[in-house]
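The file run.tsv comes next; it holds TSV, C-alpha atoms and all ligand atoms.
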chain	number	residue	atom	x	y	z
H	1	MET	CA	-15.43	30.15	6.28
H	2	THR	CA	-12.22	30.35	8.36
H	3	ARG	CA	-9.37	28.18	7.14
H	4	LYS	CA	-8.58	25.23	9.40
H	5	LYS	CA	-5.02	24.77	10.62
H	6	VAL	CA	-3.70	21.20	10.61
H	7	LEU	CA	-0.40	20.50	12.36
H	8	VAL	CA	1.36	17.41	11.01
H	9	THR	CA	4.33	16.33	13.12
H	10	GLY	CA	7.02	14.23	11.42
H	11	GLY	CA	5.96	15.48	7.98
H	12	ALA	CA	9.51	15.22	6.62
H	13	GLY	CA	9.59	11.45	7.22
H	14	PHE	CA	8.15	8.55	5.26
H	15	ILE	CA	4.47	8.33	6.25
H	16	GLY	CA	4.13	11.91	7.51
H	17	GLY	CA	5.69	13.10	4.24
H	18	ASN	CA	3.18	11.18	2.15
H	19	PHE	CA	0.38	12.47	4.40
H	20	VAL	CA	1.50	16.11	4.02
H	21	GLN	CA	1.42	15.73	0.22
H	22	TYR	CA	-1.99	14.07	0.41
H	23	MET	CA	-3.45	16.84	2.61
H	24	VAL	CA	-1.91	19.83	0.80
H	25	ASN	CA	-3.30	18.60	-2.53
H	26	ARG	CA	-6.66	17.32	-1.27
H	27	TYR	CA	-7.57	20.23	1.00
H	28	PRO	CA	-6.56	23.59	-0.52
H	29	ASN	CA	-8.73	25.27	2.14
H	30	PHE	CA	-6.73	23.77	5.02
H	31	ASP	CA	-3.38	25.21	6.08
H	32	ILE	CA	-0.98	22.30	6.56
H	33	TYR	CA	1.88	22.92	9.01
H	34	ASN	CA	4.70	20.39	8.77
H	35	LEU	CA	6.67	20.33	12.05
H	36	ASP	CA	9.80	18.18	12.03
H	37	LEU	CA	13.22	18.10	13.68
H	38	LEU	CA	14.85	16.78	10.47
H	39	THR	CA	16.66	13.88	12.13
H	40	TYR	CA	18.52	11.36	9.95
H	41	ALA	CA	15.06	10.13	8.81
H	42	GLY	CA	13.66	13.52	7.77
H	43	ASP	CA	14.28	15.32	4.51
H	44	LEU	CA	12.52	18.15	2.75
H	45	THR	CA	13.54	17.41	-0.84
H	46	LYS	CA	10.36	15.32	-1.10
H	47	HIS	CA	8.32	18.53	-0.68
H	48	LYS	CA	9.96	20.61	-3.42
H	49	ASN	CA	6.73	20.37	-5.46
H	50	ILE	CA	4.62	21.97	-2.71
H	51	GLU	CA	7.00	24.33	-0.92
H	52	SER	CA	5.70	27.39	-2.77
H	53	LYS	CA	2.04	26.56	-2.20
H	54	ASP	CA	0.11	28.96	0.03
H	55	ASN	CA	-1.36	26.20	2.19
H	56	TYR	CA	1.99	24.52	3.04
H	57	HIS	CA	4.22	25.68	5.90
H	58	PHE	CA	7.34	24.12	7.46
H	59	MET	CA	8.80	24.52	10.96
H	60	LYS	CA	11.96	22.86	12.26
H	61	VAL	CA	11.18	22.08	15.91
H	62	ASN	CA	11.82	19.25	18.38
H	63	ILE	CA	8.47	17.95	19.69
H	64	ALA	CA	10.10	17.25	23.07
H	65	ASP	CA	11.11	20.93	23.44
H	66	HIS	CA	8.42	22.27	25.75
H	67	HIS	CA	9.81	25.83	25.49
H	68	ALA	CA	9.33	25.85	21.71
H	69	ILE	CA	6.13	23.81	21.40
H	70	ILE	CA	3.87	25.55	23.93
H	71	PRO	CA	4.39	29.13	22.59
H	72	LEU	CA	4.05	27.83	19.03
H	73	PHE	CA	0.62	26.36	19.79
H	74	GLU	CA	-0.40	29.53	21.63
H	75	GLN	CA	0.58	31.60	18.62
H	76	GLU	CA	-0.84	29.40	15.84
H	77	LYS	CA	-3.88	27.92	17.63
H	78	PHE	CA	-3.94	24.74	15.52
H	79	ASP	CA	-7.39	23.17	14.99
H	80	PHE	CA	-6.11	19.65	14.36
H	81	VAL	CA	-2.94	17.73	15.23
H	82	VAL	CA	-1.88	14.59	13.37
H	83	HIS	CA	1.10	13.22	15.23
H	84	PHE	CA	3.57	11.06	13.29
H	85	ALA	CA	6.92	12.35	14.61
H	86	ALA	CA	8.84	9.54	16.25
H	87	GLU	CA	11.97	7.46	16.18
H	88	SER	CA	10.63	4.56	14.13
H	89	HIS	CA	13.26	1.86	13.53
H	90	VAL	CA	13.18	-1.22	15.81
H	91	ASP	CA	16.87	-2.07	15.25
H	92	ARG	CA	17.97	1.42	16.28
H	93	SER	CA	15.82	1.16	19.43
H	94	ILE	CA	17.66	-2.03	20.37
H	95	SER	CA	21.06	-0.29	20.21
H	96	ASP	CA	19.92	3.08	21.69
H	97	PRO	CA	16.59	3.03	23.58
H	98	GLY	CA	17.01	6.43	25.28
H	99	VAL	CA	16.43	8.52	22.18
H	100	PHE	CA	13.15	6.61	21.62
H	101	VAL	CA	11.87	7.47	25.10
H	102	ARG	CA	12.73	11.15	24.66
H	103	ALA	CA	11.18	11.53	21.20
H	104	ASN	CA	8.25	9.13	21.42
H	105	VAL	CA	7.17	9.38	25.06
H	106	LEU	CA	8.29	12.84	26.20
H	107	GLY	CA	7.62	14.34	22.75
H	108	THR	CA	4.05	13.05	22.76
H	109	GLN	CA	3.42	14.31	26.29
H	110	VAL	CA	4.65	17.81	25.38
H	111	LEU	CA	2.35	17.88	22.34
H	112	LEU	CA	-0.60	16.69	24.44
H	113	ASP	CA	0.01	19.50	26.94
H	114	ALA	CA	0.14	22.04	24.12
H	115	ALA	CA	-2.98	20.64	22.44
H	116	ARG	CA	-4.80	20.82	25.75
H	117	ALA	CA	-3.64	24.39	26.42
H	118	VAL	CA	-5.19	25.71	23.20
H	119	GLY	CA	-8.18	23.32	23.04
H	120	VAL	CA	-7.65	21.59	19.69
H	121	THR	CA	-10.68	20.12	17.90
H	122	LYS	CA	-8.92	16.77	17.51
H	123	PHE	CA	-5.54	15.13	18.19
H	124	VAL	CA	-4.86	12.03	16.07
H	125	HIS	CA	-2.02	9.93	17.45
H	126	VAL	CA	-0.44	7.67	14.83
H	127	SER	CA	0.65	4.48	16.53
H	128	THR	CA	1.56	0.97	15.48
H	129	ASP	CA	0.36	-2.63	15.65
H	130	GLU	CA	3.68	-3.43	17.38
H	131	VAL	CA	2.21	-2.20	20.68
H	132	TYR	CA	0.15	-5.44	20.77
H	133	GLY	CA	3.30	-7.57	20.81
H	134	GLU	CA	3.41	-10.62	18.56
H	135	LEU	CA	1.00	-13.27	17.25
H	136	ASP	CA	1.85	-16.92	16.68
H	137	PHE	CA	1.59	-18.48	13.21
H	138	ASP	CA	-2.10	-19.48	13.53
H	139	PRO	CA	-3.56	-17.66	10.47
H	140	ASP	CA	-6.94	-17.18	12.19
H	141	THR	CA	-5.58	-14.88	14.92
H	142	PHE	CA	-5.50	-11.10	14.47
H	143	PHE	CA	-4.84	-7.95	16.51
H	144	THR	CA	-8.11	-6.18	17.34
H	145	GLU	CA	-8.48	-2.88	19.20
H	146	GLU	CA	-9.18	-4.95	22.36
H	147	THR	CA	-5.93	-6.94	22.18
H	148	PRO	CA	-3.89	-6.13	25.33
H	149	LEU	CA	-0.75	-4.03	24.89
H	150	GLN	CA	2.35	-6.25	25.22
H	151	PRO	CA	5.19	-4.43	23.45
H	152	ASN	CA	8.43	-6.38	23.07
H	153	SER	CA	11.03	-3.91	21.72
H	154	PRO	CA	12.17	-0.58	23.18
H	155	TYR	CA	10.55	1.04	20.11
H	156	SER	CA	7.15	-0.59	20.63
H	157	ALA	CA	7.36	0.01	24.39
H	158	SER	CA	7.90	3.72	23.73
H	159	LYS	CA	4.95	3.80	21.32
H	160	ALA	CA	2.72	1.91	23.77
H	161	SER	CA	3.73	4.40	26.48
H	162	SER	CA	2.73	7.27	24.21
H	163	ASP	CA	-0.61	5.56	23.48
H	164	LEU	CA	-1.29	5.30	27.21
H	165	LEU	CA	-0.54	9.01	27.67
H	166	VAL	CA	-2.95	9.88	24.84
H	167	ARG	CA	-5.62	7.73	26.48
H	168	ALA	CA	-4.93	9.35	29.87
H	169	TYR	CA	-5.32	12.88	28.44
H	170	TYR	CA	-8.70	11.80	27.01
H	171	GLU	CA	-9.88	10.17	30.24
H	172	THR	CA	-8.51	12.84	32.60
H	173	TYR	CA	-8.89	16.11	30.68
H	174	GLY	CA	-11.38	15.16	27.96
H	175	LEU	CA	-8.85	15.98	25.21
H	176	PRO	CA	-10.55	14.92	21.93
H	177	VAL	CA	-8.25	12.18	20.65
H	178	ASN	CA	-8.07	9.20	18.34
H	179	ILE	CA	-5.33	6.58	18.23
H	180	THR	CA	-4.60	4.68	15.01
H	181	ARG	CA	-2.54	1.47	15.04
H	182	CYS	CA	-1.25	0.52	11.63
H	183	SER	CA	0.63	-2.46	10.24
H	184	ASN	CA	3.87	-2.23	8.21
H	185	ASN	CA	3.75	0.50	5.57
H	186	TYR	CA	5.64	0.57	2.28
H	187	GLY	CA	5.73	2.91	-0.73
H	188	PRO	CA	7.52	6.05	-1.98
H	189	TYR	CA	10.15	7.71	0.27
H	190	HIS	CA	10.46	4.72	2.62
H	191	PHE	CA	13.87	5.13	4.29
H	192	PRO	CA	16.30	2.42	3.08
H	193	GLU	CA	16.99	1.04	6.57
H	194	LYS	CA	13.60	-0.79	6.51
H	195	LEU	CA	13.16	-4.24	4.88
H	196	ILE	CA	11.45	-3.33	1.59
H	197	PRO	CA	13.49	-0.27	0.52
H	198	LEU	CA	16.67	-1.88	1.89
H	199	THR	CA	16.03	-4.92	-0.29
H	200	ILE	CA	15.17	-2.90	-3.41
H	201	SER	CA	18.21	-0.64	-3.09
H	202	ARG	CA	20.64	-3.49	-2.39
H	203	VAL	CA	19.28	-5.76	-5.12
H	204	LEU	CA	19.57	-2.92	-7.63
H	205	ASN	CA	23.24	-2.59	-6.62
H	206	ASP	CA	23.77	-6.40	-6.76
H	207	GLU	CA	24.50	-6.43	-3.02
H	208	LYS	CA	23.57	-9.15	-0.52
H	209	VAL	CA	20.22	-8.74	1.28
H	210	PRO	CA	20.43	-9.50	5.02
H	211	VAL	CA	17.45	-11.62	6.16
H	212	TYR	CA	17.16	-12.07	9.91
H	213	GLY	CA	16.90	-15.60	11.33
H	214	ASP	CA	15.13	-18.03	8.99
H	215	GLY	CA	13.07	-15.35	7.18
H	216	ARG	CA	9.76	-16.89	8.31
H	217	ASN	CA	8.58	-13.93	10.42
H	218	ILE	CA	5.39	-12.45	9.05
H	219	ARG	CA	4.41	-8.81	8.55
H	220	ASP	CA	1.07	-7.41	7.28
H	221	TRP	CA	1.92	-4.86	4.56
H	222	LEU	CA	-0.09	-1.72	3.78
H	223	HIS	CA	0.62	0.80	1.03
H	224	VAL	CA	1.34	4.19	2.58
H	225	LEU	CA	-1.37	5.95	0.53
H	226	ASP	CA	-3.99	3.58	1.98
H	227	HIS	CA	-2.68	4.55	5.41
H	228	CYS	CA	-3.05	8.25	4.50
H	229	SER	CA	-6.71	7.80	3.50
H	230	ALA	CA	-7.35	5.91	6.75
H	231	ILE	CA	-5.95	8.76	8.84
H	232	ASP	CA	-7.92	11.33	6.85
H	233	LEU	CA	-11.10	9.37	7.60
H	234	VAL	CA	-10.31	9.06	11.31
H	235	LEU	CA	-9.47	12.77	11.47
H	236	HIS	CA	-12.87	13.67	10.03
H	237	ASP	CA	-15.17	10.89	11.24
H	238	GLY	CA	-13.42	8.95	14.00
H	239	GLU	CA	-15.43	8.79	17.21
H	240	ILE	CA	-13.68	10.77	19.93
H	241	GLY	CA	-11.67	8.62	22.34
H	242	GLU	CA	-11.63	5.58	20.02
H	243	VAL	CA	-8.75	3.46	18.75
H	244	TYR	CA	-8.74	2.27	15.10
H	245	ASN	CA	-6.56	-0.51	13.70
H	246	VAL	CA	-5.34	-0.01	10.12
H	247	GLY	CA	-4.28	-2.93	7.91
H	248	GLY	CA	-5.14	-4.56	4.63
H	249	HIS	CA	-4.81	-8.34	5.12
H	250	ASN	CA	-1.52	-8.59	3.23
H	251	GLU	CA	0.47	-11.06	5.31
H	252	ARG	CA	3.79	-12.20	3.84
H	253	THR	CA	6.87	-13.88	5.30
H	254	ASN	CA	10.00	-11.77	5.03
H	255	LEU	CA	11.45	-14.32	2.66
H	256	GLU	CA	8.39	-14.03	0.37
H	257	VAL	CA	8.80	-10.23	0.31
H	258	VAL	CA	12.50	-10.39	-0.50
H	259	LYS	CA	12.02	-13.04	-3.19
H	260	THR	CA	9.19	-11.05	-4.81
H	261	ILE	CA	11.49	-8.04	-5.12
H	262	ILE	CA	14.44	-10.07	-6.42
H	263	ASN	CA	12.28	-11.85	-9.00
H	264	THR	CA	10.55	-8.65	-10.14
H	265	LEU	CA	13.96	-7.10	-10.73
H	266	GLY	CA	15.16	-10.22	-12.57
H	267	LYS	CA	18.06	-10.87	-10.17
H	268	SER	CA	19.33	-14.05	-8.49
H	269	GLU	CA	17.98	-15.37	-5.18
H	270	ASN	CA	21.64	-16.04	-4.31
H	271	LEU	CA	21.65	-12.41	-3.16
H	272	ILE	CA	19.78	-13.55	-0.02
H	273	GLU	CA	22.03	-13.83	3.03
H	274	PHE	CA	20.63	-15.21	6.29
H	275	VAL	CA	22.12	-13.24	9.19
H	276	LYS	CA	21.91	-13.24	12.99
H	277	ASP	CA	18.32	-12.76	14.16
H	278	ARG	CA	17.01	-9.47	15.61
H	279	LEU	CA	16.86	-9.60	19.43
H	280	GLY	CA	13.29	-10.23	20.64
H	281	HIS	CA	12.17	-10.55	16.99
H	282	ASP	CA	8.32	-10.54	16.90
H	283	LYS	CA	7.07	-13.59	14.98
H	284	ARG	CA	3.94	-12.29	13.30
H	285	TYR	CA	1.75	-9.18	13.01
H	286	ALA	CA	-1.75	-9.28	11.47
H	287	ILE	CA	-4.47	-6.65	11.73
H	288	ASP	CA	-8.23	-7.00	11.93
H	289	PRO	CA	-9.38	-3.67	10.37
H	290	THR	CA	-13.16	-4.31	10.73
H	291	LYS	CA	-13.78	-1.28	12.96
H	292	LEU	CA	-12.21	1.11	10.44
H	293	GLU	CA	-13.99	-0.59	7.53
H	294	LEU	CA	-17.29	0.02	9.32
H	295	LEU	CA	-16.35	3.71	9.38
H	296	GLY	CA	-16.04	3.54	5.56
H	297	TRP	CA	-12.36	2.79	4.84
H	298	LYS	CA	-11.24	0.48	2.04
H	299	PRO	CA	-7.64	-0.01	0.87
H	300	THR	CA	-7.03	0.49	-2.84
H	301	TYR	CA	-3.78	-1.49	-3.24
H	302	THR	CA	-3.22	-5.24	-3.12
H	303	PHE	CA	0.30	-6.25	-2.13
H	304	GLU	CA	0.98	-7.19	-5.76
H	305	THR	CA	-0.04	-3.80	-7.22
H	306	GLY	CA	1.58	-1.88	-4.36
H	307	ILE	CA	4.94	-3.62	-4.49
H	308	ALA	CA	5.09	-3.31	-8.30
H	309	ASP	CA	4.41	0.46	-8.06
H	310	THR	CA	6.95	0.81	-5.25
H	311	ILE	CA	9.73	-0.99	-7.13
H	312	GLU	CA	8.97	1.24	-10.11
H	313	TRP	CA	9.21	4.32	-7.87
H	314	TYR	CA	12.63	3.29	-6.54
H	315	LEU	CA	13.83	2.72	-10.12
H	316	GLU	CA	12.64	6.20	-11.13
H	317	ASN	CA	13.91	7.99	-8.01
H	318	LYS	CA	17.40	6.60	-7.62
H	319	GLU	CA	18.91	9.98	-6.81
H	320	TRP	CA	16.77	10.19	-3.63
H	321	TRP	CA	17.89	6.90	-2.07
H	322	GLU	CA	21.43	6.91	-3.53
H	323	GLN	CA	22.09	10.21	-1.77
H	324	ILE	CA	20.91	8.65	1.53
H	325	ILE	CA	22.88	5.40	1.32
H	326	SER	CA	26.08	7.22	0.35
H	327	GLY	CA	26.07	9.35	3.52
H	328	GLU	CA	26.18	8.58	7.26
H	329	TYR	CA	23.94	5.59	6.50
H	330	GLN	CA	27.08	3.66	5.57
H	331	GLY	CA	28.35	3.83	9.17
H	332	TYR	CA	24.93	2.74	10.45
H	333	PHE	CA	24.82	-0.18	8.02
H	334	ALA	CA	28.33	-1.41	8.86
H	335	LYS	CA	27.58	-1.28	12.60
H	336	GLN	CA	24.12	-2.86	12.37
H	337	TYR	CA	25.27	-5.72	10.16
H	338	SER	CA	28.77	-5.95	11.73
H	339	LEU	CA	30.67	-5.63	8.46
F	1	LIG	P1	10.22	8.03	9.83
F	1	LIG	O1	11.34	7.57	10.72
F	1	LIG	O2	10.34	7.83	8.37
F	1	LIG	O3	9.93	9.56	10.08
F	1	LIG	C1	9.88	10.13	11.36
F	1	LIG	C2	9.94	11.63	11.22
F	1	LIG	O4	9.84	12.19	12.54
F	1	LIG	C3	11.25	12.14	10.61
F	1	LIG	O5	10.99	13.11	9.63
F	1	LIG	C4	12.00	12.74	11.80
F	1	LIG	O6	12.84	13.83	11.44
F	1	LIG	C5	10.84	13.18	12.69
F	1	LIG	N1	11.20	13.27	14.12
F	1	LIG	C6	11.83	12.32	14.86
F	1	LIG	N2	12.02	12.77	16.12
F	1	LIG	C7	11.49	14.03	16.17
F	1	LIG	C8	11.37	15.01	17.19
F	1	LIG	N3	11.88	14.79	18.41
F	1	LIG	N4	10.77	16.18	16.89
F	1	LIG	C9	10.27	16.41	15.64
F	1	LIG	N5	10.38	15.53	14.64
F	1	LIG	C10	10.99	14.33	14.89
F	1	LIG	O7	8.93	7.30	10.42
F	1	LIG	P2	7.66	6.69	9.65
F	1	LIG	O8	7.97	5.31	9.23
F	1	LIG	O9	7.19	7.68	8.67
F	1	LIG	O10	6.63	6.59	10.87
F	1	LIG	C11	5.81	7.71	11.21
F	1	LIG	C12	4.92	7.33	12.38
F	1	LIG	O11	4.11	6.22	12.02
F	1	LIG	C13	5.69	6.91	13.63
F	1	LIG	O12	5.02	7.43	14.75
F	1	LIG	C14	5.62	5.39	13.62
F	1	LIG	O13	5.67	4.87	14.93
F	1	LIG	C15	4.26	5.16	12.98
F	1	LIG	N6	4.11	3.92	12.22
F	1	LIG	C16	5.01	3.56	11.25
F	1	LIG	C17	4.80	2.40	10.50
F	1	LIG	C18	5.75	1.99	9.41
F	1	LIG	O14	5.58	0.90	8.85
F	1	LIG	N7	6.74	2.80	9.03
F	1	LIG	C19	3.68	1.62	10.76
F	1	LIG	C20	2.79	2.00	11.78
F	1	LIG	C21	3.00	3.16	12.48
F	2	LIG	O1	4.31	-2.98	12.24
F	2	LIG	C1	4.51	-1.60	12.13
F	2	LIG	C2	5.97	-1.29	12.26
F	2	LIG	O2	6.60	-1.73	11.07
F	2	LIG	C3	6.24	0.18	12.52
F	2	LIG	O3	5.70	0.55	13.76
F	2	LIG	C4	7.75	0.45	12.51
F	2	LIG	O4	7.99	1.85	12.64
F	2	LIG	C5	8.32	-0.02	11.20
F	2	LIG	O5	9.72	0.16	11.18
F	2	LIG	C6	7.99	-1.50	10.98
F	2	LIG	O6	8.68	-2.33	11.93
F	2	LIG	P1	9.35	-3.73	11.50
F	2	LIG	O7	10.40	-4.06	12.48
F	2	LIG	O8	8.30	-4.75	11.23
F	2	LIG	O9	9.95	-3.28	10.07
F	2	LIG	P2	11.39	-3.58	9.39
F	2	LIG	O10	11.28	-3.11	7.97
F	2	LIG	O11	12.52	-3.10	10.21
F	2	LIG	O12	11.44	-5.18	9.37
F	2	LIG	C7	10.43	-5.93	8.71
F	2	LIG	C8	10.77	-7.40	8.92
F	2	LIG	O13	11.97	-7.69	8.19
F	2	LIG	C9	11.06	-7.77	10.36
F	2	LIG	O14	10.57	-9.08	10.62
F	2	LIG	C10	12.58	-7.78	10.45
F	2	LIG	C11	13.00	-8.19	9.05
F	2	LIG	N1	14.29	-7.61	8.58
F	2	LIG	C12	14.47	-6.27	8.67
F	2	LIG	C13	15.66	-5.70	8.26
F	2	LIG	C14	15.89	-4.21	8.38
F	2	LIG	C15	15.26	-8.45	8.03
F	2	LIG	O15	15.06	-9.67	7.93
F	2	LIG	N2	16.43	-7.87	7.63
F	2	LIG	C16	16.69	-6.55	7.73
F	2	LIG	O16	17.80	-6.10	7.35
The structure in this file should be written as structure tokens.
Amino acid sequence: MTRKKVLVTGGAGFIGGNFVQYMVNRYPNFDIYNLDLLTYAGDLTKHKNIESKDNYHFMKVNIADHHAIIPLFEQEKFDFVVHFAAESHVDRSISDPGVFVRANVLGTQVLLDAARAVGVTKFVHVSTDEVYGELDFDPDTFFTEETPLQPNSPYSASKASSDLLVRAYYETYGLPVNITRCSNNYGPYHFPEKLIPLTISRVLNDEKVPVYGDGRNIRDWLHVLDHCSAIDLVLHDGEIGEVYNVGGHNERTNLEVVKTIINTLGKSENLIEFVKDRLGHDKRYAIDPTKLELLGWKPTYTFETGIADTIEWYLENKEWWEQIISGEYQGYFAKQYSL
């Protein structure tokens, strides 16, 4: 049997990195190609344990670089593409939208052209629930795959634009695609600019935790390994052209999340500092994952087990996040929180 080639874009980042590990270990007969530009959010130290494996390969390339991407696809003839690479932080998109359009919109279009040129078996586009906009606080409302796209931030607008391009390449050229739209992930190697790792790292250093507005905004948290199994399932069994929402019914207010972390670490809630709200801050996200569950997916973590494991991971892997927050991150943090 010929070995299948799976291209994973953004495999040096948080979710893509976890997915690369998952695939390299689960499918020794697949060749996993990690393609990443290594922006501020990408790092390869997380792959030290697999870098000598025969089925793992790394390439430093910008997905928006047509001149690099098209010949690469022609040479390697990938069977599958799982596309994570993106600028992913909402706050950064508010201060600099242009980079999000180039990476997320143009980058996706270049990959779609390349996938079409070589006739891939499937292109899985990893998107986000943020493309649906926001829900109000009525606990009986959820995002389904039919919810209209109403993105509110430059980040979610760039992701929604990329989703529409993926759909257009399916409708126009018959490119075999799936789109997944996942809720907030958390777990190992989450970059410490995002709420959960930012809170863990700051609480461990006895530093104030900035909570936007009144802290009542709600997010629907999913452990990253449950996201990886969902993508694996969609890659293998997803019906061509379909969208699948991914989420585990784990809604929490931001304040609940921050307090859980503080209490687990035995620190004082006085570390909480309410700061100026995020512009256009979406009130609530909540996913209805029925369609994916009908395909056979079931999450394995509750929020309680997942957050306990994650806090443990950050305690055991201090050198990873300490090296990040001691670098250029400090300038970002001072600017973002106007210190
Ligand atoms: P991340 O910021 O941790 O990682 C992104 C990776 O993409 C980095 O390694 C970066 O170097 C790479 N990258 C950025 N621009 C690139 C370019 N032009 N060319 C090649 N590589 C580039 O992001 P993440 O949180 O792991 O998110 C991965 C994907 O999942 C994104 O598409 C995001 O929209 C989506 N998503 C994230 C979440 C979440 O909670 N983090 C939830 C749903 C969907
Ligand atoms: O819903 C999926 C999305 O989840 C992904 O598409 C994005 O890539 C990912 O970054 C995430 O977006 P959020 O904006 O929801 O995540 P973030 O961790 O930035 O913020 C979570 C909540 O916490 C949000 O309501 C804003 C709030 N927050 C965030 C930060 C960084 C704070 O209160 N203080 C903070 O310092």
Gap from atom C2 of ligand LIG 2 (chain F) to atom CA of Ile272 of chain H - Å, one decimal: 22.2 Å
Go ahead and find all residues with at least one atom no further than 9 Å from (9.9, 20.2, 26.2) in the file's coordinates, using only C-alpha atoms; report them as a PDB file with C-alpha atoms, keeping the file's coordinate frame.
ATOM      1  CA  ASN H  62      11.820  19.250  18.380  1.00  0.00           C
ATOM      2  CA  ILE H  63       8.470  17.950  19.690  1.00  0.00           C
ATOM      3  CA  ALA H  64      10.100  17.250  23.070  1.00  0.00           C
ATOM      4  CA  ASP H  65      11.110  20.930  23.440  1.00  0.00           C
ATOM      5  CA  HIS H  66       8.420  22.270  25.750  1.00  0.00           C
ATOM      6  CA  HIS H  67       9.810  25.830  25.490  1.00  0.00           C
ATOM      7  CA  ALA H  68       9.330  25.850  21.710  1.00  0.00           C
ATOM      8  CA  ILE H  69       6.130  23.810  21.400  1.00  0.00           C
ATOM      9  CA  ILE H  70       3.870  25.550  23.930  1.00  0.00           C
ATOM     10  CA  LEU H 106       8.290  12.840  26.200  1.00  0.00           C
ATOM     11  CA  GLY H 107       7.620  14.340  22.750  1.00  0.00           C
ATOM     12  CA  GLN H 109       3.420  14.310  26.290  1.00  0.00           C
ATOM     13  CA  VAL H 110       4.650  17.810  25.380  1.00  0.00           C
ATOM     14  CA  LEU H 111       2.350  17.880  22.340  1.00  0.00           C
TER      15      LEU H 111
END
Atom CA of Glu130 of chain H to atom N7 of ligand LIG 1 (chain F), distance in Å rounded to a single decimal: 10.9 Å
Computed interatomic separation between atom CA of Ile94 of chain H and atom N5 of ligand LIG 1 (chain F) (Å):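 It comes out at 19.9 Å.
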Exercise answer, 9 Å around ligand LIG 2 (chain F) with only C-alpha atoms and all ligand atoms, as a compact mmCIF listing (two decimals) with C-alpha atoms, in the frame of the given file:
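Result file selection_35.txt:
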# COMPACT_ATOMS: atom_id res chain seq x y z
CA ALA H 86 8.84 9.54 16.25
CA GLU H 87 11.97 7.46 16.18
CA SER H 88 10.63 4.56 14.13
CA HIS H 89 13.26 1.86 13.53
CA VAL H 90 13.18 -1.22 15.81
CA ASP H 91 16.87 -2.07 15.25
CA SER H 127 0.65 4.48 16.53
CA THR H 128 1.56 0.97 15.48
CA ASP H 129 0.36 -2.63 15.65
CA GLU H 130 3.68 -3.43 17.38
CA VAL H 131 2.21 -2.20 20.68
CA TYR H 155 10.55 1.04 20.11
CA SER H 156 7.15 -0.59 20.63
CA LYS H 159 4.95 3.80 21.32
CA ARG H 181 -2.54 1.47 15.04
CA CYS H 182 -1.25 0.52 11.63
CA SER H 183 0.63 -2.46 10.24
CA ASN H 184 3.87 -2.23 8.21
CA ASN H 185 3.75 0.50 5.57
CA TYR H 186 5.64 0.57 2.28
CA PRO H 192 16.30 2.42 3.08
CA GLU H 193 16.99 1.04 6.57
CA LYS H 194 13.60 -0.79 6.51
CA LEU H 195 13.16 -4.24 4.88
CA ILE H 196 11.45 -3.33 1.59
CA PRO H 197 13.49 -0.27 0.52
CA LEU H 198 16.67 -1.88 1.89
CA THR H 199 16.03 -4.92 -0.29
CA VAL H 209 20.22 -8.74 1.28
CA PRO H 210 20.43 -9.50 5.02
CA VAL H 211 17.45 -11.62 6.16
CA TYR H 212 17.16 -12.07 9.91
CA GLY H 213 16.90 -15.60 11.33
CA ASP H 214 15.13 -18.03 8.99
CA GLY H 215 13.07 -15.35 7.18
CA ARG H 216 9.76 -16.89 8.31
CA ASN H 217 8.58 -13.93 10.42
CA ILE H 218 5.39 -12.45 9.05
CA ARG H 219 4.41 -8.81 8.55
CA ASP H 220 1.07 -7.41 7.28
CA TRP H 221 1.92 -4.86 4.56
CA THR H 253 6.87 -13.88 5.30
CA ASN H 254 10.00 -11.77 5.03
CA LEU H 255 11.45 -14.32 2.66
CA VAL H 257 8.80 -10.23 0.31
CA VAL H 258 12.50 -10.39 -0.50
CA PHE H 274 20.63 -15.21 6.29
CA VAL H 275 22.12 -13.24 9.19
CA ASP H 277 18.32 -12.76 14.16
CA ARG H 278 17.01 -9.47 15.61
CA HIS H 281 12.17 -10.55 16.99
CA ASP H 282 8.32 -10.54 16.90
CA LYS H 283 7.07 -13.59 14.98
CA ARG H 284 3.94 -12.29 13.30
CA TYR H 285 1.75 -9.18 13.01
CA ALA H 286 -1.75 -9.28 11.47
CA GLN H 336 24.12 -2.86 12.37
CA TYR H 337 25.27 -5.72 10.16
As a VMD selection string, please: the residues near segment 33-39 of chain H (cut-off 8 Å, all atoms listed in the file, same-chain neighbours under 3 positions excluded). chain H and resid 5 to 12 20 42 to 43 56 to 63 85
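Among the candidate residues H:Glu316, H:Glu145, H:Asp226, H:Asp31, the one lying nearest to Lys4 of chain H is H:Asp31, with distances computed using all atoms listed in the file.
For the residues H:Gly17, H:Gly241, H:Pro299, H:Gly331, ranking by smallest atom-to-atom distance to ligand LIG 1 (chain F) using all atoms listed in the file places H:Gly17 first.
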Counting only C-alpha atoms, the option among H:Glu74, H:Ser201, H:Leu135, H:Leu165 closest to Ile324 of chain H: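 The shortest atom-to-atom distance to Ile324 of chain H comes from H:Ser201.
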Between H:Leu271, H:Lys298, H:Ser93, H:Gly280, which is the closest to Lys259 of chain H once you count all atoms listed in the file?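 Going through H:Leu271, H:Lys298, H:Ser93, H:Gly280 one by one, the smallest distance to Lys259 of chain H is for H:Leu271.
Distances from H:Arg116, H:Arg26, H:Arg102, H:Lys267 to ligand LIG 1 (chain F) were compared using only C-alpha atoms and all ligand atoms, and the smallest one belongs to H:Arg102.
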Which is closer to ligand LIG 1 (chain F) than all the others in H:Leu222, H:Ile32, H:Ala230, H:Ile200, using all atoms listed in the file?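 Among the listed residues, H:Leu222 lies closest to ligand LIG 1 (chain F).
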